[in-house]
Amino acid sequence: MVPGISHRYSMVKRYGRIIDVLVSNGFGYFVDKMGLWSMGSVRSRVKDRFGREKEIDTRPERARKVLEELGPTYVKFGQLLSMREDLIPLKYAQEFTKLQNDVPPFPFEDVKAVLKSELGRDIPELFSDFDEKPVAAASIGQVHKARLHSGEDVVVKIQRPGIRRIIEADLDIMYSLAGFAQQHIEEIKLYNPVAVVDELSRSIHSEMDYTQEARNIEHFLNNFEKDPVIIIPRVYNDYSSDRVLTLEYIEGVKCNKFENLANENLDREKLATNVSEAFMKQVFEHGFFHADLHSGNIFALEDNKIALLDFGMAGHLSEDMRGLLIDALIAITNGDSTQYIEVMRDLGVADEKLDVRSFKADYDHFLFKYYGRTLDQVDATEVSSEMLSLLRKHQIKVPPNVALLFKGVMTVSGFAMQMVPDFNVTEIAEPYARKFMKKRFSPRNIAKNSSKNLWYVSRLLSRAPLQLSHILEVAEKGYLNLKFEHEGTDRLLSEISVASNRLAFSLIISAIIVGSSLVIQTGMEPQMWGVPLFGLFGFFAAGIFGMGLIIYIIRTGSL
């Protein structure tokens with residue numbers, strides 16, 4: 001089969017699979033709203049209209065099942081949405097945190113093939129010992145324990161063969177569906193689904209590039225080089241590539257194995273404190289943080305030291321961004337809604353469409369709960385969740401790095417409360433926040449910022465006369481144009497176009513029928529069964545075209 005045709009066929013087949021999964025989980029209305037019935041199977045349409053089973057699961061549960069059934073790209077999409085409470089309702093975000101990423105391991109023959117392809121040597125040349133059974137397997141890759149010829153124990157993370165091709169195809173479909181939804185479903189347009197898929201694409205491409213994860217690890221390793229409590233595994237670059245990552249093996253107790261923690265006499269409160277302090281250092285001092293510090297990604301070592309694992313999800317915060325987030329926290333604790341709105345504008349998440357009066361009323365109600373409290377009296381998880389719900393209500397979109405920070409805060413808080421139920425992460429954050437504020441408002445820093453701002457002002461003043469002159473010159477010549485953009489007309493134009501095409505097709509069919517009738521009346525040769533052959537052919541063609549039009553109308557559900 002020709003490659004282009006084969007690709008289109010597989011894409012159509014994948015669309016059909018997506019539609020069938022949506023329908024089988026009770027989301028046929030979504031398919032109908034987007035006008036995608038023509039790409040689904042007859043079985044799915046029949047099931048949606050006549051054979052739908054009684055829905056027992058909640059809608060968020062069914063949405064999670066849809067993502068799990070569709071495979072790794074959609075699971076990653078759900079995991080991304082689980083930390084975007086500013087985009088989706090809380091009950092969906094909470095349900096998507098349950099998405100399972102565990103899949104059966106791929107064969108050892110494929111492991112050998114990937115290592116040979118990526119590192120240029122067979123396993124015996126690379127390692128003195130290599131465990132054929134993986135210690136963990138996920139949708140993107142799996143991990144094996146091994147030993148180098150130099151004697152060091154390592155773990156080798158190997159990417160699943162063919163996963164990139166599958167993910168690229170799924171991303172193409174996601175972009176198509178997101179664009180279609182943005183065009184046809186008004187309530188979805190507000191959340192810019194294409195931008196969400198862009199964010200997923202960046203995230204999943206970063207996760208598939210093991211060299212990026214290696215760079216993240218090196219960054220963390222440098223930041224915690226002198227820290228006696230935090231252990232970061234070493235990267236073996238000579239045994240790594242963009243599809244293979246070899247790391248130092250660390251012996252410890254996974255923090256989700258609570259019985260093992262007790263058997264090793266490890267202090268759960270101390271572990272919670274150490275992990276929380278490590279996260280606050282990353283946010284306030286380093287500006288580079290691990291966003292997925294759940295109990296499965298943390299090892300407890302002797303003397304309550306901790307080792308951090310899985311660095312695929314990391315976020316970066318500039319010093320200016322950290323300052324704005326501190327300003328937002330100060331505005332919350334001081335009950336100053338005006339200051340908070342200004343911080344939102346500086347962050348670029350509040351635009352001119354924001355209904356400031358309505359937002360301020362809701363925000364003042366939110367602040368009433370926290371006004372006058374010190375930082376150590378504020379539950380970080382509760383504040384983050386309520387704030388994201390408020391932003392979602394007013395359709396304020398949070399930048400990806402800030403959303404990742406919210407995710408990191410809630411994950412660390414969840415880990416700490418697993419260790420100690422009444423643990424408050426904000427108490428750990430307070431001294432780091434105060435230290436950052438002290439540094440920010442030091443005379444040296446103020447002088448530095450003033451000097452920088454003075455340069456911006458002088459540059460603006462020097463350029464303003466020339467720019468103003470250009471504007472006035474263009475206006476004087478009558479070339480100053482105003483651009484008007486009509487919103488909400490795309491679907492109307494599309495429906496008018498479809499209706500026009502159907503009408504034109506119907507007229508053509510009618511013309512063929514009338515023409516064939518006239519031919520039959522002439523009695524012209526050649527004939528079949530005493531009827532002119534051209535007339536019979538015309539009626540036959542009109543019948544085929546008419547049936548095609550009827551089938552298309554029924555399949556699209558628009559009679």
# chains A, B, ... in the order shown; residues from 1 in each chain; ligands from 1

$ closest_atom_pairs --of "range 114-232 of chain A" --to "range 238-262 of chain A" --cutoff "6 Å" --atoms "only C-alpha atoms" --output "JSON lines"
{"residue": "A:Asp153", "atom": "CA", "partner": "A:Tyr249", "partner_atom": "CA", "distance": 5.4}
{"residue": "A:Val154", "atom": "CA", "partner": "A:Tyr249", "partner_atom": "CA", "distance": 4.3}
{"residue": "A:Val155", "atom": "CA", "partner": "A:Leu247", "partner_atom": "CA", "distance": 5.4}
{"residue": "A:Val156", "atom": "CA", "partner": "A:Thr246", "partner_atom": "CA", "distance": 4.4}
{"residue": "A:Lys157", "atom": "CA", "partner": "A:Leu245", "partner_atom": "CA", "distance": 5.0}
{"residue": "A:Ile158", "atom": "CA", "partner": "A:Val244", "partner_atom": "CA", "distance": 4.8}
{"residue": "A:Gln159", "atom": "CA", "partner": "A:Arg243", "partner_atom": "CA", "distance": 5.2}
{"residue": "A:Asp209", "atom": "CA", "partner": "A:Asp242", "partner_atom": "CA", "distance": 5.0}
{"residue": "A:Tyr210", "atom": "CA", "partner": "A:Asp242", "partner_atom": "CA", "distance": 4.5}
{"residue": "A:Thr211", "atom": "CA", "partner": "A:Asp242", "partner_atom": "CA", "distance": 4.9}

$ select_by_dssp --residues "range 244-336 of chain A" --states "strand (DSSP E)" --output "PyMOL selection string"
chain A and resi 244-248+253-254+288-290+298-300+306-308+314-316

$ residues_around --residues "Glu277 in chain A" --least-positions-apart "2" --cutoff "9 Å" --atoms "only C-alpha atoms" --output "PyMOL selection string"
chain A and resi 272-275+279-282+425+428-429+432

$ write_last_selection --atoms "N, CA, C and O atoms" --output "PDB file, in the first residue's frame"
ATOM      1  N   ALA A 272       9.148  13.630  56.138  1.00  0.00           N
ATOM      2  CA  ALA A 272       8.239  14.657  55.610  1.00  0.00           C
ATOM      3  C   ALA A 272       8.901  16.034  55.640  1.00  0.00           C
ATOM      4  O   ALA A 272       8.802  16.818  54.686  1.00  0.00           O
ATOM      5  N   THR A 273       9.601  16.326  56.741  1.00  0.00           N
ATOM      6  CA  THR A 273      10.292  17.616  56.874  1.00  0.00           C
ATOM      7  C   THR A 273      11.410  17.748  55.844  1.00  0.00           C
ATOM      8  O   THR A 273      11.551  18.785  55.191  1.00  0.00           O
ATOM      9  N   ASN A 274      12.192  16.695  55.671  1.00  0.00           N
ATOM     10  CA  ASN A 274      13.317  16.747  54.730  1.00  0.00           C
ATOM     11  C   ASN A 274      12.849  16.944  53.286  1.00  0.00           C
ATOM     12  O   ASN A 274      13.431  17.731  52.532  1.00  0.00           O
ATOM     13  N   VAL A 275      11.792  16.220  52.899  1.00  0.00           N
ATOM     14  CA  VAL A 275      11.274  16.362  51.535  1.00  0.00           C
ATOM     15  C   VAL A 275      10.683  17.758  51.328  1.00  0.00           C
ATOM     16  O   VAL A 275      10.915  18.394  50.292  1.00  0.00           O
ATOM     17  N   PHE A 279      11.990  20.695  48.715  1.00  0.00           N
ATOM     18  CA  PHE A 279      11.140  21.350  47.712  1.00  0.00           C
ATOM     19  C   PHE A 279      11.194  22.873  47.853  1.00  0.00           C
ATOM     20  O   PHE A 279      11.270  23.592  46.847  1.00  0.00           O
ATOM     21  N   MET A 280      11.160  23.379  49.097  1.00  0.00           N
ATOM     22  CA  MET A 280      11.202  24.832  49.304  1.00  0.00           C
ATOM     23  C   MET A 280      12.541  25.420  48.851  1.00  0.00           C
ATOM     24  O   MET A 280      12.592  26.523  48.318  1.00  0.00           O
ATOM     25  N   LYS A 281      13.619  24.676  49.053  1.00  0.00           N
ATOM     26  CA  LYS A 281      14.915  25.138  48.545  1.00  0.00           C
ATOM     27  C   LYS A 281      14.874  25.243  47.023  1.00  0.00           C
ATOM     28  O   LYS A 281      15.394  26.194  46.435  1.00  0.00           O
ATOM     29  N   GLN A 282      14.279  24.230  46.391  1.00  0.00           N
ATOM     30  CA  GLN A 282      14.193  24.237  44.931  1.00  0.00           C
ATOM     31  C   GLN A 282      13.414  25.449  44.430  1.00  0.00           C
ATOM     32  O   GLN A 282      13.815  26.097  43.454  1.00  0.00           O
ATOM     33  N   VAL A 425       2.788  21.880  55.367  1.00  0.00           N
ATOM     34  CA  VAL A 425       3.954  22.240  54.562  1.00  0.00           C
ATOM     35  C   VAL A 425       4.240  23.737  54.643  1.00  0.00           C
ATOM     36  O   VAL A 425       5.397  24.164  54.542  1.00  0.00           O
ATOM     37  N   ILE A 428       6.934  24.938  56.859  1.00  0.00           N
ATOM     38  CA  ILE A 428       8.286  24.770  56.322  1.00  0.00           C
ATOM     39  C   ILE A 428       8.596  25.896  55.330  1.00  0.00           C
ATOM     40  O   ILE A 428       9.732  26.378  55.238  1.00  0.00           O
ATOM     41  N   ALA A 429       7.554  26.339  54.591  1.00  0.00           N
ATOM     42  CA  ALA A 429       7.772  27.353  53.550  1.00  0.00           C
ATOM     43  C   ALA A 429       8.063  28.731  54.130  1.00  0.00           C
ATOM     44  O   ALA A 429       8.788  29.523  53.515  1.00  0.00           O
ATOM     45  N   TYR A 432      11.703  30.150  54.359  1.00  0.00           N
ATOM     46  CA  TYR A 432      12.287  30.312  53.029  1.00  0.00           C
ATOM     47  C   TYR A 432      11.676  31.528  52.320  1.00  0.00           C
ATOM     48  O   TYR A 432      12.376  32.282  51.639  1.00  0.00           O
TER      49      TYR A 432
END

$ residues_around --residues "Glu207 in chain A" --least-positions-apart "3" --cutoff "12 Å" --atoms "only C-alpha atoms" --output "list in words"
Thr73, Lys76, Ser139, Ile140, Gly141, Gln159, Ile163, Arg164, Ile167, Leu200, Ser201, Arg202, Ser203, Ile204, Tyr210, Thr211, Gln212, Glu213, Ala214, Arg215, Asn216, Asp242, Arg243, Leu245, Asp310, Phe311, Gly312, Met313 and Ala314 of chain A

$ select_by_dssp --residues "range 41-257 of chain A" --states "helix (DSSP H, G or I)" --output "JSON, numbers by chain"
{"A": [42, 43, 44, 45, 46, 47, 48, 49, 59, 60, 61, 62, 63, 64, 65, 66, 67, 68, 69, 70, 72, 73, 74, 75, 76, 77, 78, 79, 80, 81, 90, 91, 92, 93, 94, 95, 96, 108, 109, 110, 111, 112, 113, 114, 115, 116, 117, 118, 119, 123, 124, 125, 126, 163, 164, 165, 166, 167, 168, 169, 170, 171, 172, 173, 174, 175, 176, 177, 178, 179, 180, 181, 182, 183, 184, 186, 187, 188, 189, 193, 194, 195, 196, 197, 198, 199, 200, 201, 202, 203, 204, 205, 206, 207, 208, 210, 211, 212, 213, 214, 215, 216, 217, 218, 219, 220, 221, 222, 223, 237, 238, 239]}

$ residues_around --residues "Asn304 in chain A" --least-positions-apart "4" --cutoff "7 Å" --atoms "only C-alpha atoms" --output "PyMOL selection string"
chain A and resi 266-267+270-271+300

$ atom_distance --atom1 "CA of Ile88 in chain A" --atom2 "CA of Phe27 in chain A"
16.8 Å

$ closest_residue --among "A:Ser506, A:Asn237, A:Thr58, A:Ser517" --to "Lys91 in chain A" --atoms "only C-alpha atoms"
A:Thr58

$ closest_residue --among "A:Val111, A:Ile123, A:Val283, A:Ala278" --to "His149 in chain A" --atoms "only C-alpha atoms"
A:Ile123

$ residues_around --residues "Met419 in chain A" --least-positions-apart "2" --cutoff "8 Å" --atoms "only C-alpha atoms" --output "MDAnalysis selection string"
chainID A and resid 268:269 271:272 415:417 421

$ residues_around --residues "Thr338 in chain A" --least-positions-apart "5" --cutoff "9 Å" --atoms "only C-alpha atoms" --output "PyMOL selection string"
chain A and resi 331+343+360

$ atom_distance --atom1 "CA of Tyr74 in chain A" --atom2 "CA of Asp170 in chain A"
8.1 Å

$ atom_distance --atom1 "CA of Gln182 in chain A" --atom2 "CA of Met208 in chain A"
27.6 Å
